[in-house]
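Structure data (PDB, C-alpha atoms) from input08.pdb:
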MODEL        1
ATOM      1  CA  MET A  26      -0.357 -71.107  45.730
ATOM      2  CA  THR A  27       2.480 -70.959  48.229
ATOM      3  CA  ASP A  28       2.530 -72.652  51.610
ATOM      4  CA  THR A  29       3.010 -69.197  53.145
ATOM      5  CA  TRP A  30      -0.249 -67.980  51.589
ATOM      6  CA  LEU A  31      -2.152 -71.020  52.793
ATOM      7  CA  LYS A  32      -0.643 -70.789  56.285
ATOM      8  CA  LYS A  33      -1.626 -67.125  56.559
ATOM      9  CA  TRP A  34      -5.298 -67.803  55.908
ATOM     10  CA  ASN A  35      -5.521 -70.955  58.001
ATOM     11  CA  GLU A  36      -4.015 -69.077  60.942
ATOM     12  CA  ARG A  37      -6.399 -66.169  60.503
ATOM     13  CA  TYR A  38      -9.461 -68.382  60.318
ATOM     14  CA  LYS A  39      -8.349 -70.525  63.275
ATOM     15  CA  GLU A  40      -9.132 -67.602  65.581
ATOM     16  CA  LYS A  41     -12.282 -68.032  67.627
ATOM     17  CA  LYS A  42     -13.835 -64.786  66.427
ATOM     18  CA  PHE A  43     -14.892 -64.348  62.820
ATOM     19  CA  ALA A  44     -12.193 -62.362  61.026
ATOM     20  CA  TYR A  45     -14.648 -60.325  58.926
ATOM     21  CA  GLY A  46     -17.791 -60.780  60.998
ATOM     22  CA  ILE A  47     -20.900 -62.809  60.314
ATOM     23  CA  THR A  48     -23.048 -60.230  58.496
ATOM     24  CA  PRO A  49     -22.932 -59.848  54.712
ATOM     25  CA  ASN A  50     -20.995 -57.195  52.855
ATOM     26  CA  LYS A  51     -23.306 -54.196  52.292
ATOM     27  CA  PHE A  52     -22.538 -53.808  48.592
ATOM     28  CA  LEU A  53     -23.245 -57.481  47.948
ATOM     29  CA  LYS A  54     -26.457 -57.390  49.978
ATOM     30  CA  LYS A  55     -27.748 -54.316  48.156
ATOM     31  CA  HIS A  56     -27.364 -55.952  44.751
ATOM     32  CA  LEU A  57     -28.201 -59.541  45.595
ATOM     33  CA  GLU A  58     -31.556 -58.765  47.153
ATOM     34  CA  LYS A  59     -32.705 -57.187  43.857
ATOM     35  CA  LEU A  60     -32.151 -60.366  41.846
ATOM     36  CA  LYS A  61     -34.198 -63.453  41.112
ATOM     37  CA  THR A  62     -32.584 -66.339  43.001
ATOM     38  CA  GLY A  63     -30.574 -69.015  41.208
ATOM     39  CA  LYS A  64     -27.136 -70.591  41.457
ATOM     40  CA  ILE A  65     -24.380 -68.430  42.934
ATOM     41  CA  LEU A  66     -20.660 -69.001  43.472
ATOM     42  CA  PHE A  67     -18.537 -67.149  46.047
ATOM     43  CA  GLY A  68     -14.780 -67.039  45.464
ATOM     44  CA  ALA A  69     -12.244 -66.820  48.301
ATOM     45  CA  GLU A  70     -15.209 -67.025  50.658
ATOM     46  CA  GLY A  71     -13.320 -67.582  53.920
ATOM     47  CA  GLU A  72     -15.655 -68.014  56.877
ATOM     48  CA  GLY A  73     -18.825 -67.877  54.812
ATOM     49  CA  ARG A  74     -20.679 -64.739  55.906
ATOM     50  CA  ASN A  75     -21.744 -63.768  52.377
ATOM     51  CA  ALA A  76     -22.536 -67.281  51.162
ATOM     52  CA  ILE A  77     -24.698 -67.939  54.196
ATOM     53  CA  TYR A  78     -26.625 -64.718  53.662
ATOM     54  CA  ALA A  79     -27.297 -65.766  50.058
ATOM     55  CA  ALA A  80     -28.498 -69.197  51.170
ATOM     56  CA  LYS A  81     -30.816 -67.596  53.742
ATOM     57  CA  ILE A  82     -32.577 -65.577  51.043
ATOM     58  CA  GLY A  83     -33.040 -68.589  48.765
ATOM     59  CA  TRP A  84     -29.950 -68.936  46.596
ATOM     60  CA  ASP A  85     -28.444 -72.315  45.668
ATOM     61  CA  THR A  86     -25.060 -71.428  47.104
ATOM     62  CA  SER A  87     -21.549 -72.685  46.354
ATOM     63  CA  ALA A  88     -18.252 -71.348  47.687
ATOM     64  CA  PHE A  89     -14.543 -72.060  47.549
ATOM     65  CA  ASP A  90     -11.379 -71.081  49.384
ATOM     66  CA  ILE A  91      -7.896 -72.498  49.979
ATOM     67  CA  SER A  92      -8.417 -72.608  53.755
ATOM     68  CA  ILE A  93      -9.891 -75.667  55.466
ATOM     69  CA  GLU A  94     -10.192 -73.550  58.622
ATOM     70  CA  GLY A  95     -12.370 -71.104  56.695
ATOM     71  CA  LYS A  96     -14.572 -73.929  55.475
ATOM     72  CA  ASN A  97     -14.946 -75.360  58.983
ATOM     73  CA  LYS A  98     -16.170 -72.036  60.349
ATOM     74  CA  ALA A  99     -18.437 -71.466  57.353
ATOM     75  CA  LEU A 100     -20.167 -74.819  57.771
ATOM     76  CA  LYS A 101     -20.581 -74.180  61.501
ATOM     77  CA  LEU A 102     -22.146 -70.787  60.752
ATOM     78  CA  ALA A 103     -24.399 -72.350  58.118
ATOM     79  CA  LYS A 104     -25.638 -74.908  60.638
ATOM     80  CA  GLU A 105     -26.356 -72.160  63.173
ATOM     81  CA  ASN A 106     -28.428 -70.388  60.498
ATOM     82  CA  ASN A 107     -30.247 -73.570  59.377
ATOM     83  CA  VAL A 108     -28.983 -73.407  55.801
ATOM     84  CA  SER A 109     -26.666 -75.541  53.686
ATOM     85  CA  ILE A 110     -23.961 -74.457  51.274
ATOM     86  CA  GLU A 111     -21.595 -76.404  49.037
ATOM     87  CA  TYR A 112     -18.032 -75.466  50.005
ATOM     88  CA  LYS A 113     -14.917 -76.711  48.229
ATOM     89  CA  VAL A 114     -11.323 -76.287  49.423
ATOM     90  CA  GLY A 115      -8.439 -75.999  46.986
ATOM     91  CA  GLU A 116      -7.225 -74.126  43.944
ATOM     92  CA  LEU A 117      -9.900 -73.096  41.465
ATOM     93  CA  PRO A 118      -8.635 -75.032  38.408
ATOM     94  CA  ASN A 119      -8.907 -78.285  40.403
ATOM     95  CA  LEU A 120     -12.383 -77.850  41.890
ATOM     96  CA  GLY A 121     -14.493 -79.251  39.065
ATOM     97  CA  TYR A 122     -16.963 -76.437  38.499
ATOM     98  CA  LYS A 123     -18.681 -76.717  35.124
ATOM     99  CA  ASN A 124     -18.731 -74.085  32.413
ATOM    100  CA  GLU A 125     -21.862 -71.911  32.556
ATOM    101  CA  GLN A 126     -22.891 -73.463  35.871
ATOM    102  CA  PHE A 127     -23.778 -70.266  37.757
ATOM    103  CA  ASP A 128     -26.204 -67.354  37.427
ATOM    104  CA  VAL A 129     -24.118 -65.066  39.645
ATOM    105  CA  ILE A 130     -20.474 -65.036  40.729
ATOM    106  CA  ALA A 131     -19.647 -62.934  43.781
ATOM    107  CA  LEU A 132     -16.083 -61.810  44.446
ATOM    108  CA  ILE A 133     -16.050 -59.916  47.731
ATOM    109  CA  TYR A 134     -12.493 -59.068  48.834
ATOM    110  CA  ALA A 135     -11.288 -62.022  46.782
ATOM    111  CA  HIS A 136      -7.665 -60.886  46.673
ATOM    112  CA  PHE A 137      -6.104 -63.841  44.899
ATOM    113  CA  PRO A 138      -2.281 -63.805  44.663
ATOM    114  CA  PRO A 139      -1.112 -61.293  42.003
ATOM    115  CA  LYS A 140       0.357 -63.963  39.706
ATOM    116  CA  ILE A 141      -2.969 -65.749  39.312
ATOM    117  CA  LYS A 142      -5.711 -63.179  39.896
ATOM    118  CA  SER A 143      -6.350 -62.426  36.192
ATOM    119  CA  GLU A 144      -6.154 -66.134  35.369
ATOM    120  CA  TYR A 145      -8.763 -66.841  38.052
ATOM    121  CA  HIS A 146     -11.046 -64.061  36.798
ATOM    122  CA  LYS A 147     -10.928 -65.477  33.275
ATOM    123  CA  LEU A 148     -11.588 -68.985  34.552
ATOM    124  CA  LEU A 149     -14.523 -67.782  36.657
ATOM    125  CA  ASN A 150     -15.925 -66.018  33.602
ATOM    126  CA  LYS A 151     -16.266 -69.441  31.948
ATOM    127  CA  LYS A 152     -18.271 -70.740  34.910
ATOM    128  CA  LEU A 153     -20.887 -67.991  34.544
ATOM    129  CA  LYS A 154     -23.910 -68.378  32.270
ATOM    130  CA  LYS A 155     -24.492 -65.956  29.412
ATOM    131  CA  GLY A 156     -26.633 -63.182  30.900
ATOM    132  CA  GLY A 157     -25.211 -63.918  34.353
ATOM    133  CA  LEU A 158     -23.889 -61.301  36.738
ATOM    134  CA  ILE A 159     -20.539 -60.597  38.404
ATOM    135  CA  ILE A 160     -20.714 -58.751  41.737
ATOM    136  CA  PHE A 161     -17.251 -57.552  42.744
ATOM    137  CA  GLU A 162     -15.899 -55.454  45.595
ATOM    138  CA  ALA A 163     -12.271 -55.360  46.722
ATOM    139  CA  PHE A 164      -9.624 -52.843  47.689
ATOM    140  CA  GLY A 165      -8.507 -50.478  44.935
ATOM    141  CA  LYS A 166      -5.106 -49.196  43.868
ATOM    142  CA  LYS A 167      -5.399 -46.067  46.039
ATOM    143  CA  HIS A 168      -5.940 -48.126  49.172
ATOM    144  CA  LEU A 169      -2.344 -48.087  50.459
ATOM    145  CA  GLU A 170      -2.768 -44.393  51.367
ATOM    146  CA  TYR A 171      -5.759 -45.304  53.540
ATOM    147  CA  GLN A 172      -3.863 -48.145  55.204
ATOM    148  CA  LYS A 173      -1.096 -45.761  56.256
ATOM    149  CA  ARG A 174      -3.620 -43.530  58.000
ATOM    150  CA  ASN A 175      -5.565 -46.429  59.546
ATOM    151  CA  PRO A 176      -4.067 -49.955  59.640
ATOM    152  CA  ARG A 177      -7.398 -51.288  61.007
ATOM    153  CA  ILE A 178      -8.961 -50.936  57.556
ATOM    154  CA  GLY A 179      -6.992 -54.025  56.491
ATOM    155  CA  GLY A 180      -6.341 -55.200  52.969
ATOM    156  CA  PRO A 181      -3.232 -56.409  51.141
ATOM    157  CA  PRO A 182      -0.046 -54.403  51.832
ATOM    158  CA  ASN A 183       1.244 -54.557  48.242
ATOM    159  CA  LEU A 184       0.034 -52.672  45.180
ATOM    160  CA  ASP A 185      -0.012 -55.743  42.905
ATOM    161  CA  SER A 186      -2.734 -57.362  45.022
ATOM    162  CA  LEU A 187      -5.044 -54.343  44.689
ATOM    163  CA  PHE A 188      -7.457 -53.771  41.796
ATOM    164  CA  SER A 189      -7.762 -51.053  39.176
ATOM    165  CA  THR A 190     -10.846 -50.458  37.056
ATOM    166  CA  GLU A 191      -8.667 -50.961  33.939
ATOM    167  CA  GLU A 192      -7.626 -54.411  35.154
ATOM    168  CA  LEU A 193     -11.244 -55.482  35.613
ATOM    169  CA  LYS A 194     -12.185 -54.138  32.179
ATOM    170  CA  SER A 195      -9.407 -56.257  30.702
ATOM    171  CA  ASP A 196     -10.267 -59.409  32.676
ATOM    172  CA  PHE A 197     -14.011 -59.153  31.949
ATOM    173  CA  LYS A 198     -14.003 -57.859  28.355
ATOM    174  CA  ASN A 199     -17.179 -59.698  27.387
ATOM    175  CA  TYR A 200     -19.419 -57.879  29.886
ATOM    176  CA  GLU A 201     -21.931 -55.070  29.815
ATOM    177  CA  VAL A 202     -20.678 -52.792  32.579
ATOM    178  CA  LEU A 203     -23.407 -51.621  34.949
ATOM    179  CA  GLU A 204     -20.994 -50.187  37.509
ATOM    180  CA  LEU A 205     -17.211 -49.850  37.544
ATOM    181  CA  THR A 206     -15.569 -47.425  39.927
ATOM    182  CA  GLU A 207     -12.945 -46.891  42.587
ATOM    183  CA  THR A 208     -14.471 -45.018  45.496
ATOM    184  CA  GLU A 209     -14.274 -44.461  49.236
ATOM    185  CA  ALA A 210     -16.264 -46.779  51.461
ATOM    186  CA  GLU A 211     -16.635 -47.116  55.199
ATOM    187  CA  LEU A 212     -16.319 -50.719  56.341
ATOM    188  CA  ASN A 213     -17.253 -52.269  59.654
ATOM    189  CA  GLU A 214     -16.606 -55.959  59.058
ATOM    190  CA  GLY A 215     -15.346 -58.040  61.963
ATOM    191  CA  LEU A 216     -11.790 -57.668  63.258
ATOM    192  CA  TYR A 217      -9.953 -56.728  60.062
ATOM    193  CA  HIS A 218     -12.021 -54.295  57.956
ATOM    194  CA  ASN A 219     -12.709 -51.192  60.024
ATOM    195  CA  GLY A 220     -12.737 -47.608  58.791
ATOM    196  CA  ILE A 221     -12.659 -45.800  55.469
ATOM    197  CA  GLY A 222     -10.855 -47.434  52.571
ATOM    198  CA  SER A 223     -10.576 -47.188  48.814
ATOM    199  CA  VAL A 224     -12.599 -49.915  47.095
ATOM    200  CA  THR A 225     -13.053 -50.963  43.488
ATOM    201  CA  ARG A 226     -16.560 -52.071  42.587
ATOM    202  CA  PHE A 227     -17.784 -53.826  39.481
ATOM    203  CA  ILE A 228     -21.202 -55.045  38.402
ATOM    204  CA  GLY A 229     -21.296 -56.646  34.974
ATOM    205  CA  ILE A 230     -23.573 -58.796  32.832
ATOM    206  CA  LYS A 231     -21.918 -61.464  30.692
ATOM    207  CA  LYS A 232     -22.815 -60.805  27.051
ATOM    208  CA  HIS A 233     -21.104 -63.764  25.410
ATOM    209  CA  ASN A 234     -18.505 -66.458  25.997
TER     210      ASN A 234
ENDMDL
END

As structure tokens - that is how I would like this structure written.
Amino acid sequence: MTDTWLKKWNERYKEKKFAYGITPNKFLKKHLEKLKTGKILFGAEGEGRNAIYAAKIGWDTSAFDISIEGKNKALKLAKENNVSIEYKVGELPNLGYKNEQFDVIALIYAHFPPKIKSEYHKLLNKKLKKGGLIIFEAFGKKHLEYQKRNPRIGGPPNLDSLFSTEELKSDFKNYEVLELTETEAELNEGLYHNGIGSVTRFIGIKKHN
């Protein structure tokens, strides 16, 4: 990843306030609370709001991001909530996660750089157990129209960083699809996700390696 990308996220997470708030994403919460607890991995987890929620309801929680500032705030928030999470900083191929280590992988606004996002999805697929679940929500291809009307909704400013349902089908071919859609959603998450946006959502069960 570029120094510019890393600098952007470290600067954002250096701010005193939590960029995306401290409460969990609603889509994640809705699905996670239905499941039997186990081992879960959060990608591009930033300041930790979703990972900490998972830990609070009994999950063995791991997370990663490229930003040390994100990790620092996440561990502070975890301490305030009396939970612990494992949090690694760096690029996914170098972090040492084992194949079939996790029961659930959560990708909540995990907008990896366009050149590597499919590579990361395919690598994360290997880290999920057979029968495990992907929970995914991020901005969809139609989102740029929403940004023009309301910059406070946030999200990447370039089409290549946004997600289509076809892209997710291709990246996660070996999954039973429970939900796959691009739809409108109203977000109220901290400083940077506020208003109605276009989001792509995916829930899938891994059928085979």

Quiz item: If the PyMOL selection byres ((chain A and resi 65) around 7) is run on the structure shown, which residues does it catch, given as a VMD selection string?
Solution: chain A and resid 63 to 64 66 to 67 84 to 87 127 to 130

Self-check item: Spatial neighbours of Asn107 (chain A), max dist 10 Å, all atoms listed in the file, sep filter under 2 positions, as a list in words
Solution: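 Result of the neighbour search: Ile77, Ala80, Lys81, Lys101, Leu102, Ala103, Lys104, Glu105 and Ser109 of chain A.
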
Exercise. List the neighbours of Ala99 (chain A) out to 8 Å using all atoms listed in the file; skip same-chain residues closer than 4 positions along the sequence, and give me the result as a PyMOL selection string.
Key: chain A and resi 71-74+77+95+103

Quiz item: Counting all atoms listed in the file, which of A:Ala135, A:Val108, A:Leu117, A:Leu158 gets nearest to Thr62 (chain A)?
Solution: A:Leu158

Which residues, named as in the file, does the PyMOL selection byres ((chain A and resi 167-182) around 6) pick out? Answer as a JSON list (two decimals) with C-alpha atoms, in the frame of the given file.
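Output file result.json follows:
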[["chain", "number", "residue", "atom", "x", "y", "z"],
["A", 165, "GLY", "CA", -8.51, -50.48, 44.94],
["A", 166, "LYS", "CA", -5.11, -49.20, 43.87],
["A", 183, "ASN", "CA", 1.24, -54.56, 48.24],
["A", 217, "TYR", "CA", -9.95, -56.73, 60.06],
["A", 218, "HIS", "CA", -12.02, -54.30, 57.96],
["A", 219, "ASN", "CA", -12.71, -51.19, 60.02],
["A", 220, "GLY", "CA", -12.74, -47.61, 58.79],
["A", 222, "GLY", "CA", -10.86, -47.43, 52.57],
["A", 223, "SER", "CA", -10.58, -47.19, 48.81]]

Quiz item: In Å, how far is it from CA of Asn119 (chain A) to CA of Thr29 (chain A)?
Solution: 19.7 Å

Quiz item: Nearest to Ala69 (chain A) among A:Pro138, A:Gly46, A:Gly121, A:Gly83, with distances taken over all atoms listed in the file: which residue is it?
Solution: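 Using all atoms listed in the file, the shortest distance to Ala69 (chain A) belongs to A:Pro138.
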
Exercise. Might you spell out which residues the PyMOL selection byres ((chain A and resi 209) around 7) would select in the displayed file, as number ranges by chain?
Key: A: 208, 210-211, 221-224

Exercise. May I have the residues at most 7 Å from (-27.2, -70.4, 33.1) in the file's coordinates, counting all atoms listed in the file, as a PyMOL selection string?
Key: chain A and resi 125-128+153-155+157

Quiz item: What lies within 9 Å of Gly115 (chain A) using all atoms listed in the file, ignoring chain neighbours under 5 positions off, as a ChimeraX atom specification?
Solution: /A:89-93,120

Quiz item: CA of Lys194 (chain A) to CA of Gly68 (chain A): how many Å, to one decimal?
Solution: 18.7 Å

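Comparing A:Phe197, A:Ile82, A:Lys41, A:Tyr112 by their smallest distance to Lys59 (chain A), the closest is A:Ile82 (using all atoms listed in the file).
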
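With all atoms listed in the file as the atoms that count, the residue of A:Glu162, A:Glu40, A:Glu94, A:Glu192 with the shortest distance to Ser143 (chain A) is A:Glu192.
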
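Across the model, the gap from CA of Lys123 (chain A) to CA of Thr190 (chain A) is 27.5 Å.
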
Quiz prompt | Option closest in space to Tyr122 (chain A), from A:Leu184, A:Ile141, A:Ala88, A:Ile160 [counting all atoms listed in the file] | solution = A:Ala88

Quiz item: Can you tell me, as a list of chain:residue names, which residues sit within 7 Å of (-21.6, -56.5, 27.0) in the file's frame, using all atoms listed in the file?
Solution: A:Asn199, A:Tyr200, A:Glu201, A:Val202, A:Ile230, A:Lys231, A:Lys232

Practice problem: Have a look at A:Lys33, A:Lys96, A:Lys151, A:Lys198 and name the one nearest to Gly229 (chain A); count only C-alpha atoms. | Solution: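 Of all the options, A:Lys198 lies closest to Gly229 (chain A).
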
Using the incomplete input, complete region 188-199 of chain A to the level of all heavy atoms; output as a CSV table (one decimal), in the frame of the given file.
chain,number,residue,atom,x,y,z
A,188,PHE,N,-6.8,-53.7,43.1
A,188,PHE,CA,-7.5,-53.8,41.8
A,188,PHE,C,-7.7,-52.4,41.2
A,188,PHE,O,-8.2,-51.5,41.9
A,188,PHE,CB,-8.8,-54.5,41.9
A,188,PHE,CG,-8.7,-55.9,42.3
A,188,PHE,CD1,-8.8,-56.4,43.6
A,188,PHE,CD2,-8.5,-56.9,41.3
A,188,PHE,CE1,-8.7,-57.7,43.9
A,188,PHE,CE2,-8.3,-58.2,41.6
A,188,PHE,CZ,-8.4,-58.7,42.9
A,189,SER,N,-7.4,-52.3,39.9
A,189,SER,CA,-7.8,-51.1,39.2
A,189,SER,C,-9.0,-51.3,38.3
A,189,SER,O,-9.3,-52.5,38.0
A,189,SER,CB,-6.6,-50.6,38.3
A,189,SER,OG,-6.4,-51.6,37.2
A,190,THR,N,-9.7,-50.3,37.9
A,190,THR,CA,-10.8,-50.5,37.1
A,190,THR,C,-10.4,-51.0,35.7
A,190,THR,O,-11.1,-51.8,35.0
A,190,THR,CB,-11.6,-49.1,36.9
A,190,THR,OG1,-10.7,-48.1,36.5
A,190,THR,CG2,-12.3,-48.7,38.2
A,191,GLU,N,-9.2,-50.5,35.3
A,191,GLU,CA,-8.7,-51.0,33.9
A,191,GLU,C,-8.4,-52.5,33.9
A,191,GLU,O,-8.7,-53.2,32.9
A,191,GLU,CB,-7.4,-50.2,33.6
A,191,GLU,CG,-7.5,-48.7,33.3
A,191,GLU,CD,-7.7,-47.9,34.6
A,191,GLU,OE1,-7.5,-48.4,35.7
A,191,GLU,OE2,-8.1,-46.7,34.5
A,192,GLU,N,-7.9,-53.0,35.0
A,192,GLU,CA,-7.6,-54.4,35.2
A,192,GLU,C,-8.9,-55.2,35.0
A,192,GLU,O,-9.0,-56.2,34.3
A,192,GLU,CB,-7.0,-54.6,36.5
A,192,GLU,CG,-6.5,-56.0,36.8
A,192,GLU,CD,-5.9,-56.1,38.2
A,192,GLU,OE1,-5.8,-55.1,38.9
A,192,GLU,OE2,-5.5,-57.3,38.5
A,193,LEU,N,-10.0,-54.8,35.7
A,193,LEU,CA,-11.2,-55.5,35.6
A,193,LEU,C,-11.8,-55.4,34.2
A,193,LEU,O,-12.4,-56.4,33.7
A,193,LEU,CB,-12.2,-54.9,36.7
A,193,LEU,CG,-11.8,-55.2,38.1
A,193,LEU,CD1,-12.7,-54.6,39.1
A,193,LEU,CD2,-11.7,-56.7,38.4
A,194,LYS,N,-11.7,-54.3,33.6
A,194,LYS,CA,-12.2,-54.1,32.2
A,194,LYS,C,-11.5,-55.2,31.3
A,194,LYS,O,-12.1,-55.8,30.4
A,194,LYS,CB,-11.9,-52.7,31.6
A,194,LYS,CG,-13.0,-51.7,31.8
A,194,LYS,CD,-12.5,-50.4,31.1
A,194,LYS,CE,-13.4,-49.3,31.5
A,194,LYS,NZ,-12.9,-48.0,31.0
A,195,SER,N,-10.2,-55.3,31.5
A,195,SER,CA,-9.4,-56.3,30.7
A,195,SER,C,-9.8,-57.7,31.0
A,195,SER,O,-9.9,-58.5,30.1
A,195,SER,CB,-7.9,-56.0,31.0
A,195,SER,OG,-7.1,-57.0,30.3
A,196,ASP,N,-10.0,-58.0,32.3
A,196,ASP,CA,-10.3,-59.4,32.7
A,196,ASP,C,-11.7,-59.8,32.3
A,196,ASP,O,-11.9,-61.0,32.0
A,196,ASP,CB,-10.1,-59.6,34.2
A,196,ASP,CG,-8.7,-59.6,34.6
A,196,ASP,OD1,-7.8,-59.6,33.8
A,196,ASP,OD2,-8.4,-59.5,35.9
A,197,PHE,N,-12.6,-58.9,32.3
A,197,PHE,CA,-14.0,-59.2,31.9
A,197,PHE,C,-14.4,-58.4,30.7
A,197,PHE,O,-15.4,-57.6,30.8
A,197,PHE,CB,-14.9,-58.8,33.2
A,197,PHE,CG,-14.5,-59.6,34.4
A,197,PHE,CD1,-13.9,-59.1,35.5
A,197,PHE,CD2,-14.9,-61.0,34.5
A,197,PHE,CE1,-13.6,-59.8,36.6
A,197,PHE,CE2,-14.5,-61.7,35.6
A,197,PHE,CZ,-13.9,-61.2,36.7
A,198,LYS,N,-13.8,-58.6,29.6
A,198,LYS,CA,-14.0,-57.9,28.4
A,198,LYS,C,-15.4,-58.1,27.8
A,198,LYS,O,-15.9,-57.3,27.1
A,198,LYS,CB,-13.0,-58.3,27.3
A,198,LYS,CG,-11.6,-57.7,27.6
A,198,LYS,CD,-10.6,-58.2,26.6
A,198,LYS,CE,-9.2,-57.7,26.9
A,198,LYS,NZ,-8.2,-58.3,26.0
A,199,ASN,N,-15.9,-59.3,28.0
A,199,ASN,CA,-17.2,-59.7,27.4
A,199,ASN,C,-18.4,-59.4,28.2
A,199,ASN,O,-19.4,-60.1,28.3
A,199,ASN,CB,-17.1,-61.2,27.1
A,199,ASN,CG,-16.8,-62.0,28.3
A,199,ASN,OD1,-16.0,-61.6,29.2
A,199,ASN,ND2,-17.3,-63.2,28.4
